[in-house]
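Here's target27.cif, which has mmCIF, C-alpha atoms (C1' of nucleotides):
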data_coords
loop_
_atom_site.label_atom_id
_atom_site.label_comp_id
_atom_site.auth_asym_id
_atom_site.auth_seq_id
_atom_site.Cartn_x
_atom_site.Cartn_y
_atom_site.Cartn_z
CA MET A 120 7.78 51.62 2.71
CA SER A 121 5.92 48.84 0.97
CA ILE A 122 4.41 47.40 4.12
CA THR A 123 3.94 48.68 7.63
CA PHE A 124 3.70 46.70 10.83
CA HIS A 125 1.74 47.86 13.85
CA LEU A 126 2.32 46.05 17.11
CA GLU A 127 -0.94 46.46 18.98
CA ALA A 128 -0.88 44.14 21.96
CA THR A 129 1.52 41.86 23.80
CA ASP A 130 1.07 39.09 26.31
CA HIS A 131 4.47 38.10 27.65
CA ALA A 132 6.43 37.33 24.49
CA ALA A 133 3.34 36.80 22.37
CA ARG A 134 2.32 39.66 20.09
CA ALA A 135 -0.81 40.75 18.27
CA GLY A 136 -0.57 43.26 15.49
CA ARG A 137 -1.35 44.24 11.97
CA ILE A 138 0.58 44.26 8.71
CA VAL A 139 -0.63 46.69 6.06
CA THR A 140 0.27 45.69 2.50
CA PRO A 141 -0.66 47.09 -0.92
CA HIS A 142 -3.27 44.32 -1.23
CA GLY A 143 -4.81 44.55 2.20
CA THR A 144 -4.27 44.30 5.91
CA ILE A 145 -3.24 41.18 7.78
CA ASP A 146 -3.98 40.51 11.44
CA THR A 147 -1.11 38.83 13.24
CA PRO A 148 -0.25 36.26 14.40
CA VAL A 149 -1.30 34.92 11.02
CA PHE A 150 -1.29 31.56 9.29
CA MET A 151 -0.62 31.74 5.56
CA PRO A 152 -1.93 28.91 3.35
CA VAL A 153 0.60 27.65 0.84
CA GLY A 154 -0.16 28.02 -2.86
CA THR A 155 3.16 26.94 -4.34
CA GLN A 156 2.19 26.78 -7.98
CA GLY A 157 -0.22 29.69 -8.04
CA THR A 158 -3.01 27.71 -6.40
CA VAL A 159 -3.83 26.55 -2.93
CA LYS A 160 -4.25 22.97 -4.09
CA GLY A 161 -7.82 21.87 -4.54
CA LEU A 162 -9.43 25.17 -3.52
CA THR A 163 -10.66 28.22 -5.38
CA PRO A 164 -9.56 31.62 -4.04
CA GLU A 165 -13.14 32.14 -2.83
CA MET A 166 -12.88 29.00 -0.70
CA VAL A 167 -9.50 30.04 0.67
CA ARG A 168 -10.93 33.41 1.54
CA ALA A 169 -14.05 31.86 3.09
CA ALA A 170 -11.84 29.69 5.29
CA GLY A 171 -10.49 32.93 6.71
CA ALA A 172 -7.18 33.37 4.88
CA GLN A 173 -5.77 36.87 4.69
CA ILE A 174 -2.56 36.15 2.79
CA ILE A 175 -1.23 33.20 0.82
CA LEU A 176 2.12 31.97 -0.45
CA GLY A 177 3.51 31.42 -3.92
CA ASN A 178 6.86 29.92 -4.88
CA THR A 179 9.72 31.37 -6.90
CA TYR A 180 11.31 28.15 -8.08
CA HIS A 181 8.08 26.46 -9.10
CA LEU A 182 6.51 29.44 -10.83
CA ALA A 183 9.73 30.35 -12.63
CA LEU A 184 9.87 26.85 -14.07
CA ARG A 185 6.18 26.76 -14.88
CA PRO A 186 4.53 28.81 -16.28
CA GLY A 187 7.50 31.25 -16.14
CA ASP A 188 7.74 34.50 -14.19
CA GLU A 189 7.78 36.68 -17.33
CA LEU A 190 4.58 35.09 -18.53
CA VAL A 191 2.95 35.79 -15.16
CA ARG A 192 4.18 39.39 -15.33
CA ASP A 193 2.85 39.82 -18.87
CA LEU A 194 -0.54 38.49 -17.79
CA GLY A 195 -0.86 41.06 -15.04
CA GLY A 196 1.11 39.58 -12.17
CA LEU A 197 0.38 36.68 -9.84
CA HIS A 198 -2.61 38.31 -8.12
CA THR A 199 -4.45 38.76 -11.40
CA PHE A 200 -3.19 35.52 -12.92
CA MET A 201 -4.50 33.35 -10.07
CA ASN A 202 -7.44 35.59 -9.15
CA TRP A 203 -6.32 36.23 -5.57
CA SER A 204 -6.81 39.89 -4.71
CA GLY A 205 -5.34 39.73 -1.19
CA PRO A 206 -1.71 39.89 -0.13
CA ILE A 207 0.77 37.32 -1.44
CA LEU A 208 4.12 36.31 -0.03
CA THR A 209 6.52 34.49 -2.32
CA ASP A 210 9.17 32.15 -1.06
CA SER A 211 12.52 32.51 -2.76
CA GLY A 212 13.26 28.93 -3.73
CA GLY A 213 15.62 28.59 -0.79
CA PHE A 214 13.54 25.75 0.57
CA GLN A 215 13.87 23.87 -2.72
CA VAL A 216 17.63 23.92 -2.15
CA PHE A 217 16.75 21.67 0.79
CA SER A 218 13.79 19.68 -0.51
CA LEU A 219 15.28 19.10 -3.97
CA ALA A 220 18.81 18.64 -2.68
CA THR A 221 19.48 15.79 -5.10
CA GLN A 222 18.78 18.15 -8.02
CA VAL A 223 20.87 21.08 -6.79
CA LYS A 224 24.45 22.15 -7.00
CA ILE A 225 25.07 25.07 -4.71
CA THR A 226 27.90 27.56 -5.04
CA ASP A 227 28.44 31.07 -3.80
CA HIS A 228 27.13 32.33 -7.10
CA GLY A 229 23.78 30.64 -6.64
CA ALA A 230 21.86 27.37 -6.68
CA LYS A 231 22.00 25.42 -9.92
CA PHE A 232 18.86 23.34 -10.21
CA LYS A 233 18.17 20.49 -12.55
CA SER A 234 14.46 20.92 -13.14
CA HIS A 235 12.44 18.24 -11.40
CA ILE A 236 10.02 18.44 -14.33
CA ASP A 237 12.25 17.84 -17.35
CA GLY A 238 15.85 18.03 -16.13
CA SER A 239 16.55 21.37 -17.77
CA PRO A 240 18.90 23.71 -15.91
CA LEU A 241 17.70 26.63 -13.81
CA GLU A 242 20.14 28.74 -11.90
CA LEU A 243 18.69 30.60 -8.98
CA THR A 244 21.08 33.36 -7.99
CA PRO A 245 20.07 35.90 -5.36
CA GLU A 246 19.59 38.42 -8.17
CA ARG A 247 17.49 36.06 -10.25
CA ALA A 248 15.34 35.16 -7.23
CA VAL A 249 14.65 38.86 -6.72
CA GLU A 250 13.79 39.36 -10.39
CA ILE A 251 11.43 36.42 -10.45
CA GLN A 252 9.58 37.65 -7.39
CA GLU A 253 9.36 41.16 -8.79
CA ASN A 254 7.89 39.71 -11.96
CA LEU A 255 5.40 37.74 -9.90
CA GLY A 256 4.52 40.96 -8.10
CA SER A 257 4.13 39.58 -4.60
CA ASP A 258 3.61 41.93 -1.67
CA ILE A 259 6.32 40.26 0.35
CA ALA A 260 9.37 38.62 -1.23
CA MET A 261 11.88 36.45 0.57
CA VAL A 262 15.63 36.64 0.08
CA LEU A 263 17.33 33.56 -1.33
CA ASP A 264 18.78 31.57 1.55
CA GLU A 265 20.56 28.30 2.06
CA CYS A 266 18.48 25.98 4.18
CA PRO A 267 20.60 23.04 5.36
CA SER A 268 19.05 19.84 6.59
CA LEU A 269 19.49 19.48 10.33
CA LYS A 270 19.72 15.73 9.98
CA GLU A 271 23.27 14.48 10.24
CA THR A 272 24.81 17.86 9.64
CA THR A 273 27.83 19.52 11.21
CA ARG A 274 28.22 22.89 12.84
CA GLU A 275 30.64 23.86 10.07
CA LYS A 276 28.06 23.14 7.39
CA VAL A 277 25.46 25.17 9.23
CA ARG A 278 27.96 27.99 9.71
CA ALA A 279 28.78 27.98 5.99
CA ALA A 280 25.06 28.14 5.21
CA VAL A 281 24.65 31.06 7.59
CA GLN A 282 27.50 32.98 6.00
CA ARG A 283 26.25 32.31 2.51
CA THR A 284 22.74 33.27 3.54
CA VAL A 285 24.01 36.64 4.81
CA ARG A 286 26.02 37.29 1.64
CA TRP A 287 23.03 36.37 -0.49
CA ALA A 288 20.76 38.62 1.58
CA GLU A 289 23.08 41.56 0.81
CA ARG A 290 22.91 40.80 -2.90
CA CYS A 291 19.13 40.44 -2.77
CA GLN A 292 18.74 43.75 -1.01
CA ARG A 293 21.05 45.51 -3.46
CA HIS A 294 19.18 44.09 -6.43
CA HIS A 295 15.70 44.83 -5.15
CA THR A 296 13.89 47.62 -7.04
CA ARG A 297 10.14 47.18 -6.68
CA ALA A 298 8.89 49.84 -4.29
CA SER A 299 5.55 48.18 -3.68
CA GLN A 300 7.18 44.96 -2.55
CA ALA A 301 8.73 44.31 0.84
CA GLN A 302 11.74 42.05 1.06
CA PHE A 303 12.19 39.88 4.17
CA ALA A 304 15.51 38.44 5.30
CA ILE A 305 15.92 34.90 6.60
CA VAL A 306 17.92 33.89 9.65
CA GLN A 307 19.57 30.47 9.46
CA GLY A 308 21.76 28.70 12.00
CA GLY A 309 19.94 25.51 12.81
CA LEU A 310 19.70 24.74 16.51
CA ASP A 311 22.91 26.60 17.30
CA PHE A 312 22.04 29.78 19.13
CA GLU A 313 25.41 31.43 18.55
CA LEU A 314 25.12 30.95 14.81
CA ARG A 315 21.55 32.19 14.89
CA ALA A 316 22.64 35.27 16.83
CA GLU A 317 25.49 36.02 14.42
CA CYS A 318 23.22 35.63 11.46
CA ALA A 319 20.49 37.78 12.99
CA LYS A 320 22.95 40.49 13.96
CA ASP A 321 24.27 40.83 10.42
CA LEU A 322 20.83 40.79 8.86
CA VAL A 323 19.25 43.17 11.36
CA ALA A 324 22.00 45.65 10.59
CA MET A 325 20.78 45.66 6.98
CA ASP A 326 17.38 46.92 8.07
CA PHE A 327 14.95 44.69 6.22
CA PRO A 328 11.23 45.41 6.69
CA GLY A 329 10.66 41.93 8.09
CA TYR A 330 12.58 38.90 9.34
CA ALA A 331 12.09 35.20 9.09
CA LEU A 332 13.43 32.21 10.95
CA GLY A 333 14.30 29.60 8.35
CA GLY A 334 15.81 26.18 8.74
CA PHE A 335 13.36 24.84 11.29
CA SER A 336 11.35 21.64 10.96
CA VAL A 337 13.91 20.25 8.56
CA GLY A 338 14.69 17.00 10.33
CA GLU A 339 15.22 18.02 13.96
CA ALA A 340 12.94 16.90 16.78
CA PRO A 341 9.94 19.20 17.27
CA GLU A 342 10.92 19.62 20.92
CA ALA A 343 14.34 20.90 19.87
CA MET A 344 12.69 23.54 17.73
CA HIS A 345 10.31 24.45 20.55
CA ALA A 346 13.22 24.92 22.92
CA ALA A 347 15.11 27.11 20.45
CA LEU A 348 12.28 29.37 19.37
CA PRO A 349 11.95 31.89 22.24
CA ALA A 350 15.59 32.91 22.14
CA CYS A 351 15.70 32.93 18.34
CA ALA A 352 12.57 35.05 18.04
CA ALA A 353 14.01 37.49 20.52
CA LEU A 354 16.94 38.08 18.17
CA LEU A 355 14.60 39.76 15.69
CA PRO A 356 13.56 43.42 15.84
CA GLU A 357 10.48 44.04 17.94
CA ALA A 358 9.03 46.59 15.55
CA LYS A 359 9.04 44.29 12.52
CA PRO A 360 7.10 41.19 11.55
CA ARG A 361 8.68 37.90 12.53
CA TYR A 362 8.00 34.91 10.30
CA LEU A 363 8.66 31.28 11.19
CA MET A 364 8.97 29.56 7.84
CA GLY A 365 7.30 26.25 7.09
CA VAL A 366 5.84 25.65 10.54
CA GLY A 367 3.85 23.67 11.39
CA ARG A 368 1.49 21.46 13.34
CA PRO A 369 -1.14 23.24 15.43
CA GLU A 370 0.93 22.79 18.60
CA ASP A 371 4.00 24.19 16.86
CA LEU A 372 2.07 27.30 15.90
CA LEU A 373 1.06 27.95 19.49
CA VAL A 374 4.63 27.48 20.68
CA GLY A 375 5.72 29.91 17.98
CA VAL A 376 3.14 32.48 18.93
CA ALA A 377 4.17 32.20 22.58
CA ALA A 378 7.76 32.81 21.47
CA GLY A 379 6.77 36.02 19.70
CA ILE A 380 6.33 34.89 16.09
CA ASP A 381 3.84 36.80 13.92
CA MET A 382 3.63 34.79 10.71
CA PHE A 383 3.51 31.10 9.83
CA ASP A 384 3.03 29.01 6.75
CA CYS A 385 2.80 25.28 6.28
CA VAL A 386 1.58 22.77 3.74
CA MET A 387 0.25 20.58 6.51
CA PRO A 388 -3.42 21.61 6.52
CA THR A 389 -3.77 21.25 2.76
CA ARG A 390 -1.49 18.27 2.20
CA ASN A 391 -2.86 16.33 5.13
CA GLY A 392 -6.37 17.30 4.08
CA ARG A 393 -5.72 15.79 0.67
CA ASN A 394 -4.48 12.70 2.46
CA ALA A 395 -7.67 12.30 4.49
CA LEU A 396 -6.43 13.67 7.80
CA ALA A 397 -8.58 16.31 9.46
CA PHE A 398 -7.38 18.59 12.25
CA THR A 399 -9.85 19.23 15.04
CA ALA A 400 -9.84 20.76 18.49
CA ASP A 401 -9.87 17.19 19.79
CA GLY A 402 -6.87 16.10 17.78
CA PRO A 403 -6.47 14.75 14.28
CA ILE A 404 -8.87 12.24 12.76
CA ARG A 405 -8.19 10.01 9.77
CA LEU A 406 -11.27 9.95 7.61
CA ARG A 407 -10.06 6.87 5.72
CA ASN A 408 -10.36 4.78 8.89
CA ALA A 409 -13.20 2.27 8.96
CA LYS A 410 -14.67 3.63 12.18
CA HIS A 411 -16.08 6.62 10.29
CA ARG A 412 -17.99 4.54 7.76
CA ARG A 413 -21.40 5.13 9.36
CA ASP A 414 -20.69 8.25 11.41
CA PRO A 415 -23.27 10.97 10.70
CA ALA A 416 -21.39 13.61 12.73
CA PRO A 417 -19.52 16.41 10.98
CA VAL A 418 -15.72 16.39 10.96
CA GLU A 419 -15.77 18.90 13.81
CA SER A 420 -19.02 19.85 15.54
CA ASP A 421 -17.99 23.38 16.58
CA CYS A 422 -16.66 24.28 13.15
CA ASP A 423 -18.61 26.63 10.93
CA CYS A 424 -16.74 25.84 7.73
CA TYR A 425 -18.61 24.73 4.61
CA CYS A 426 -17.44 21.14 5.03
CA CYS A 427 -18.60 20.79 8.62
CA ALA A 428 -21.83 22.69 8.01
CA ASN A 429 -22.93 20.34 5.25
CA TYR A 430 -21.24 16.93 5.32
CA SER A 431 -20.83 13.94 7.61
CA ARG A 432 -17.71 11.98 8.47
CA ALA A 433 -19.38 9.03 6.75
CA TYR A 434 -19.65 11.01 3.53
CA LEU A 435 -16.03 12.15 3.73
CA HIS A 436 -15.01 8.53 4.39
CA HIS A 437 -16.91 7.50 1.28
CA LEU A 438 -15.35 10.25 -0.85
CA PHE A 439 -11.83 9.14 0.12
CA ALA A 440 -12.63 5.46 -0.33
CA ALA A 441 -13.99 6.21 -3.80
CA GLU A 442 -11.06 8.55 -4.51
CA GLU A 443 -13.41 11.36 -5.37
CA MET A 444 -11.71 14.74 -5.69
CA LEU A 445 -14.31 16.44 -3.52
CA GLY A 446 -12.85 14.66 -0.47
CA PRO A 447 -9.44 16.39 -0.67
CA THR A 448 -11.16 19.66 -1.45
CA LEU A 449 -13.51 19.55 1.53
CA LEU A 450 -10.84 18.47 4.02
CA SER A 451 -8.34 21.04 2.74
CA LEU A 452 -11.02 23.63 3.29
CA HIS A 453 -11.81 22.41 6.77
CA ASN A 454 -8.17 22.15 7.81
CA LEU A 455 -7.49 25.70 6.65
CA ALA A 456 -10.59 26.86 8.50
CA PHE A 457 -9.30 25.07 11.61
CA TYR A 458 -5.81 26.63 11.38
CA LEU A 459 -7.19 30.08 10.67
CA ARG A 460 -9.69 29.87 13.50
CA LEU A 461 -6.94 28.74 15.85
CA MET A 462 -4.94 31.84 14.95
CA ARG A 463 -7.97 34.09 15.28
CA GLU A 464 -8.54 32.73 18.77
CA ALA A 465 -4.85 33.13 19.55
CA ARG A 466 -4.99 36.79 18.52
CA GLN A 467 -7.94 37.39 20.76
CA ALA A 468 -6.28 35.56 23.65
CA ILE A 469 -3.22 37.78 23.32
CA ARG A 470 -5.35 40.90 23.35
CA ASP A 471 -7.09 39.56 26.45
CA GLU A 472 -3.72 38.70 27.98
CA ARG A 473 -4.66 35.07 28.48
CA PHE A 474 -2.59 33.43 25.78
CA ALA A 475 -0.77 31.00 28.08
CA ALA A 476 -4.09 29.69 29.37
CA PHE A 477 -5.43 29.44 25.84
CA GLN A 478 -2.39 27.45 24.74
CA ALA A 479 -2.66 25.14 27.74
CA THR A 480 -6.35 24.51 27.08
CA CYS A 481 -5.75 23.63 23.44
CA LEU A 482 -2.90 21.27 24.28
CA ALA A 483 -4.91 19.56 27.01
CA ARG A 484 -7.76 18.88 24.60
CA TRP A 485 -5.48 17.52 21.88
CA LYS A 486 -3.68 15.31 24.37
CA ALA A 487 -6.88 14.04 25.96
CA ALA A 488 -7.99 12.75 22.56
CA SER A 489 -4.77 10.91 21.79
"C1'" G B 1066 -24.19 -39.29 -23.99
"C1'" G B 1067 -18.96 -37.89 -26.07
"C1'" G B 1068 -14.80 -34.49 -25.98
"C1'" U B 1069 -11.64 -30.49 -24.27
"C1'" A B 1070 -9.98 -27.00 -20.67
"C1'" G B 1071 -10.15 -25.80 -15.73
"C1'" A B 1072 -10.74 -25.67 -9.98
"C1'" U B 1073 -4.65 -21.54 -6.02
"C1'" G B 1074 -5.33 -17.08 -0.01
"C1'" G B 1075 -11.89 -11.70 -0.02
"C1'" C B 1076 -11.56 -11.04 -5.74
"C1'" A B 1077 -8.59 -11.36 -10.25
"C1'" G B 1078 -4.45 -14.08 -11.45
"C1'" A B 1079 1.08 -16.20 -11.44
"C1'" G B 1080 3.44 -20.64 -10.05
"C1'" U B 1081 3.45 -26.78 -12.88
"C1'" G B 1082 8.53 -31.89 -8.13
"C1'" G B 1083 12.42 -28.98 -3.41
"C1'" U B 1084 14.93 -22.05 -3.15
"C1'" C B 1085 6.40 -21.82 -1.88
"C1'" A B 1086 2.98 -19.47 3.45
"C1'" A B 1087 2.97 -19.32 -2.35
"C1'" U B 1088 4.89 -13.34 -7.65
"C1'" U B 1089 1.62 -9.37 -8.79
"C1'" G B 1090 -2.71 -6.24 -8.96
"C1'" C B 1091 -7.30 -4.95 -6.61
"C1'" A B 1092 -10.09 -4.80 -2.19
"C1'" C B 1093 -9.42 -4.39 2.97
"C1'" C B 1094 -6.71 -2.62 7.75
"C1'" A B 1095 -3.34 0.81 9.97
"C1'" G B 1096 0.44 4.62 9.86
"C1'" A B 1097 3.29 8.90 7.96
"C1'" C B 1098 3.05 13.85 6.01
"C1'" U B 1099 6.00 20.85 8.95
"C1'" G B 1100 8.99 27.78 3.63
"C1'" U B 1101 4.47 21.23 -1.51
"C1'" A B 1102 8.94 16.77 -7.03
"C1'" A B 1103 3.09 14.52 -2.47
"C1'" A B 1104 -5.08 13.83 -4.41
"C1'" U B 1105 1.47 11.00 -2.15
"C1'" C B 1106 4.26 7.44 0.43
"C1'" U B 1107 5.01 3.29 4.03
"C1'" G B 1108 3.61 -1.05 6.61
"C1'" G B 1109 0.09 -5.10 7.41
"C1'" C B 1110 -3.33 -8.50 5.26
"C1'" C B 1111 -4.14 -18.01 6.98
"C1'" U B 1112 -3.50 -19.04 12.60
"C1'" C B 1113 -0.37 -18.58 16.91
"C1'" U B 1114 4.21 -16.11 18.46
"C1'" U B 1115 8.77 -14.89 23.91
"C1'" C B 1116 9.01 -11.78 16.63
"C1'" G B 1117 13.91 -16.16 16.59
"C1'" G B 1118 10.09 -18.93 14.74
"C1'" A B 1119 5.94 -22.68 15.11
"C1'" G B 1120 1.47 -24.82 13.00
"C1'" U B 1121 -2.11 -25.69 9.22
"C1'" U B 1122 -2.92 -24.37 3.47
"C1'" C B 1123 -3.38 -24.36 -3.23
"C1'" G B 1124 -11.77 -28.26 -4.93
"C1'" G B 1125 -12.60 -33.59 -1.79
"C1'" G B 1126 -10.35 -38.43 -1.02
"C1'" G B 1127 -6.41 -41.83 -2.01
"C1'" G B 1128 -1.43 -42.77 -4.00
"C1'" U B 1129 3.93 -42.09 -5.97
"C1'" U B 1130 8.36 -39.63 -3.78
"C1'" C B 1131 13.40 -38.31 0.98
"C1'" G B 1132 10.10 -34.15 -0.58
"C1'" A B 1133 3.74 -32.47 -3.99
"C1'" A B 1134 0.06 -26.36 -5.25
"C1'" U B 1135 3.01 -28.94 -8.96
"C1'" C B 1136 3.10 -36.27 -10.94
"C1'" C B 1137 -0.77 -40.64 -10.88
"C1'" C B 1138 -5.90 -42.61 -9.64
"C1'" U B 1139 -10.72 -41.33 -8.25
"C1'" C B 1140 -14.84 -38.27 -6.94
"C1'" U B 1141 -17.30 -33.46 -7.11
"C1'" C B 1142 -18.04 -29.01 -9.54
"C1'" U B 1143 -17.34 -25.16 -13.62
"C1'" A B 1144 -16.73 -23.38 -18.76
"C1'" C B 1145 -16.76 -24.32 -23.86
"C1'" C B 1146 -17.41 -27.68 -28.13
"C1'" C B 1147 -19.81 -32.06 -30.56
"C1'" A B 1148 -24.25 -35.16 -30.48
#

As structure tokens - that is how I would like this structure written.
Amino acid sequence: MSITFHLEATDHAARAGRIVTPHGTIDTPVFMPVGTQGTVKGLTPEMVRAAGAQIILGNTYHLALRPGDELVRDLGGLHTFMNWSGPILTDSGGFQVFSLATQVKITDHGAKFKSHIDGSPLELTPERAVEIQENLGSDIAMVLDECPSLKETTREKVRAAVQRTVRWAERCQRHHTRASQAQFAIVQGGLDFELRAECAKDLVAMDFPGYALGGFSVGEAPEAMHAALPACAALLPEAKPRYLMGVGRPEDLLVGVAAGIDMFDCVMPTRNGRNALAFTADGPIRLRNAKHRRDPAPVESDCDCYCCANYSRAYLHHLFAAEEMLGPTLLSLHNLAFYLRLMREARQAIRDERFAAFQATCLARWKAAS
RNA sequence: GGGUAGAUGGCAGAGUGGUCAAUUGCACCAGACUGUAAAUCUGGCCUCUUCGGAGUUCGGGGGUUCGAAUCCCUCUCUACCCA
């Protein structure tokens, strides 16, 4: 087996554990910074590591288009290419079927993309998605799935996506050859528990080394996702890592952990950091706002990240006003440090069997500020 | 002293009789961002508003006209050219 999962502590549904991969061990629940194009935007791998990251993401669709998965393979694989020695998880491109919907024609055979870069065609079949990820050499690969928007969709469309996702998972599993790489399946089904259950049942029967919940935070209300998570997480095998894809805000992460999720990823800390929003234990702050112009305090006083240890809100405000690239870099770093610290504290709370109290305390502080 | 061109909302700069509270850019203010087509995008930016509108604006003053940022007179100021 390419990875092993050790469940070490539970607190109601919440779980603390460890995933051992060829490139290192991951403590769960874990937040995984997103490095779509072979870089966590604006940060060097040393900074990502210093923020506390144990594993990062790469993306099949984007890296296949540019610079090309064979090129990455020939240059030693993604770890070497991007100088990240820790574990890497690659997403399959299934999310791009959703986010680049206007550029995609989807059939049972696969997803035909019109490159968002130059319009050239790229067909992502389940087999091709597996090949690309094997070329990239990630520790964890995701099966190609169909991720339907939950905005103005019908049950029949979601059902069709579920069925296609299961068929594609079979093809991915059959095509997978790389022994050192684990392949995770993805459960779709939107907010419909019956569809989720059907999908999970079929996929669990195929015995993947890990399972993801896909198709959340794609247009539905956050509360709807929160309500659906406990039951959906419970559909997944206890002895295997459970990954909630693309989620989320700090409060969403805590809800996910409480539901029994082990892995999360989201662009929010880095994207919002680039856009001048900092996450703190007292809620988000917008560094572009005028009220920070003369504020000598750090972004977050209890934070030990490089940004908070060395720079004031006033300086960050100035950097964003002047459009200096250090601003996005420093806030991306801080936001990752915040997310990763939150998860570290969550892990400890689970081991101490006080996760519910921890979650309540965090929420109360965020709410008090807003 | 003579001549020419100008003076428009914080700045730059369109508009040259009605469709102009006045294009656009910048600056400024606020918001959004959930498996990254995003260092991006959206909204606001004279005053008041029951968000339907209402009231005052285009250097100052006077005039023509049903109607003026736009035409005429005059004053003030600015830039350039000639003495």

Closest atom pairs, chain A residues within 6 Å of chain B, all atoms listed in the file, as a Markdown table:
| residue | atom | partner | partner_atom | distance |
| --- | --- | --- | --- | --- |
| A:Phe214 | CA | B:G1100 | C1' | 5.8 |
| A:His235 | CA | B:A1102 | C1' | 5.8 |
| A:Ser336 | CA | B:U1099 | C1' | 5.8 |
| A:Met364 | CA | B:G1100 | C1' | 4.6 |
| A:Gly365 | CA | B:G1100 | C1' | 4.1 |
| A:Val366 | CA | B:U1099 | C1' | 5.1 |
| A:Gly367 | CA | B:U1099 | C1' | 4.3 |
| A:Arg393 | CA | B:A1104 | C1' | 5.5 |

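The space separating CA of Pro349 (chain A) from CA of His131 (chain A) comes to 11.1 Å.
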
Mind checking which residues fall within 12 Å of C1076 (chain B), counting only C-alpha atoms (C1' of nucleotides), ignoring those fewer than 4 positions away in the same chain, and posting them as a ChimeraX atom specification?
/B:1090-1093

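Against the coordinates shown, the PyMOL selection byres ((chain B and resi 1145) around 8) returns B:A1070, B:A1144, B:C1146.
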
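This file, queried with the PyMOL selection byres ((chain B and resi 1074) around 9), gives the residues U1073, G1075, A1087, C1111, U1122 and C1123 of chain B.
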
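Of note, CA of Asp264 (chain A) and CA of Pro360 (chain A) are spaced 18.1 Å apart.
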
* Excluding region 1135-1143 of chain B and any residue of its chain fewer than 5 positions from it, enumerate the residues within 12 Å of it, using only C-alpha atoms (C1' of nucleotides), and give them as a list of chain:residue names. => B:A1070, B:G1071, B:A1072, B:U1073, B:G1080, B:U1081, B:G1082, B:G1083, B:C1085, B:A1087, B:C1123, B:G1124, B:G1125, B:G1126, B:G1127, B:G1128, B:U1129, B:U1130

- request: Might you spell out which residues the PyMOL selection byres ((chain B and resi 1148) around 10) would select in the displayed file, as a list in words?
  value: G1066, G1067 and C1147 of chain B

Exercise for review: Tell me which protein, DNA and RNA residues are within 8 Å of Glu242 (chain A), counting all atoms listed in the file, leaving out same-chain ones fewer than 2 positions away, and put them as a PyMOL selection string.
Suggested key: chain A and resi 229-232+240+244+247

Students should find that C1' of U1114 (chain B) and C1' of U1084 (chain B) are spaced 24.8 Å

Excluding Ala248 (chain A) and residues on its chain fewer than 3 positions from it, collect all residues at most 7 Å away from it, counting all atoms listed in the file, and give them as a PyMOL selection string.
chain A and resi 179+211+243-245+251-252+263

Compile the contact shell of Asn429 (chain A) as JSON, numbers by chain: residues with an atom at most 8 Å away, counting all atoms listed in the file, same-chain residues fewer than 3 positions apart removed. {"A": [417, 425, 426]}

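Among the candidate residues A:Gly333, A:Gly136, A:Pro447, A:Pro341, the one lying nearest to Ile469 (chain A) is A:Gly136, with distances computed using all atoms listed in the file.
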
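Using only C-alpha atoms, the shortest contact distance between Asp130 (chain A) and any of A:Cys318, A:Cys424, A:Ala400, A:Val376 is found at A:Val376.
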
Discussion item. Which polymer residues, whether protein, DNA or RNA, lie within 12 Å of the coordinate (21.5, 22.1, -4.2) when you count only C-alpha atoms (C1' of nucleotides)? List them as number ranges by chain, using the chain letters and numbers from the file.
Written reply: A: 212-227, 229-234, 241-244, 264-268, 280
